[in-house]
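The structure under discussion appears below in the form of structure tokens.
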Amino acid sequence: MQVKLVQTTPAEKTYAVVFLKGDEALSGMVEFARKYHANNAHFTAIGAVSSATLGWLDLSRKVYVEIPVREQAEVASLTGDIATFQGKPIIHMHAVLSKRDGTTVGGHIWELNVNPTLEFFVTVNSEPLRKRADDASGMRLIDPAL
């Protein structure tokens with residue numbers, strides 16, 4: 001992972017966070033959030049992966065159903081946010097991956113194995129955001145009141 005601060009103001013900082021072949025992006029974003037104190041951020045990214053594991057939320061069972069992608073794919077779209085839960089950063093990101101034949105698959109990201117690169121632009125805001133447990137969905141949701 002390579003990181004460069006590209007803009008800073010009193011209210012926010014913007015970083016370029018670049019992953020290279022062999023990096024795993026979700027764990028890398030957790031590392032970035034810890035190191036750069038990103039307690040409230042949003043991001044976008046593009047690039048490519050050699051494989052990925054996505055998830056689809058089965059709300060009736062309060063569990064994610066795994067969607068494996070075991071081939072090279074373009075990251076056609078990736079968005080997400082960072083907030084904290086019990087003092088630790090939580091990365092929440094979704095992606096649409098484009099396969100060789102042009103078909104796409106999308107969902108919640110569990111794992112992204114980068115090849116050759118995945119380029120994030122991350123905006124970190126000065127005011128922290130926190131999550132709370134939501135019993136109805138089984139998820140951790142951002143709560144602006146916290």
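Ligands are numbered from 1 in the order shown, chains are lettered A, B, ... in the order of the structure tokens, and residues start at 1 in each chain.
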Fewer than 3 positions away in the same chain doesn't count, so skip those; otherwise give me all residues within 12 Å of A:Glu66, counting only C-alpha atoms, as a ChimeraX atom specification. /A:52-58,63,69,105-111
If you count only C-alpha atoms, which residues fall within 10 Å of stretch 87-97 of chain A, apart from same-chain ones fewer than 4 positions away, as an NGL selection string? :A and (26-27 or 29-34 or 37-49 or 51-52 or 54-55 or 69 or 72-83 or 102-110 or 112 or 129-131 or 140-141)
Among stretch 49-97 of chain A, which residues does DSSP mark as strand (DSSP E) when it is run on the backbone? Keep the chain and numbering as in the structure and answer as a ChimeraX atom specification. /A:49-58,63-69,73-85,88-97
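Using only C-alpha atoms, the shortest contact distance between A:Arg100 and any of A:Ser50, A:Thr8, A:Gln2, A:Ser126 is found at A:Ser50.
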As a PDB file with C-alpha atoms, in the first residue's frame, please: the residues near A:Val17 (cut-off 7 Å, only C-alpha atoms, same-chain neighbours under 6 positions excluded).
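So around_6.pdb came out as:
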ATOM      1  CA  MET A   1       0.000   0.000   0.000  1.00  0.00           C
ATOM      2  CA  GLN A   2       1.248   3.453  -0.926  1.00  0.00           C
ATOM      3  CA  VAL A   3      -0.321   6.598   0.545  1.00  0.00           C
ATOM      4  CA  LYS A   4      -0.021  10.233  -0.465  1.00  0.00           C
ATOM      5  CA  GLU A 119      -6.501   3.220  -6.687  1.00  0.00           C
ATOM      6  CA  PHE A 120      -8.528   4.766  -3.872  1.00  0.00           C
ATOM      7  CA  PHE A 121      -9.260   8.423  -3.258  1.00  0.00           C
TER       8      PHE A 121
END
Atom CA of A:Thr14 to atom CA of A:Pro128, distance in Å rounded to a single decimal: 15.3 Å
Pick the closest to A:Val114 from A:Ser60, A:Pro68, A:Asp101, A:Ala25: which is it, counting only C-alpha atoms? A:Ala25
Run DSSP on the backbone and grab whatever in stretch 1-135 of chain A lands in alpha helix (DSSP H); send it over as a ChimeraX atom specification. /A:25-35
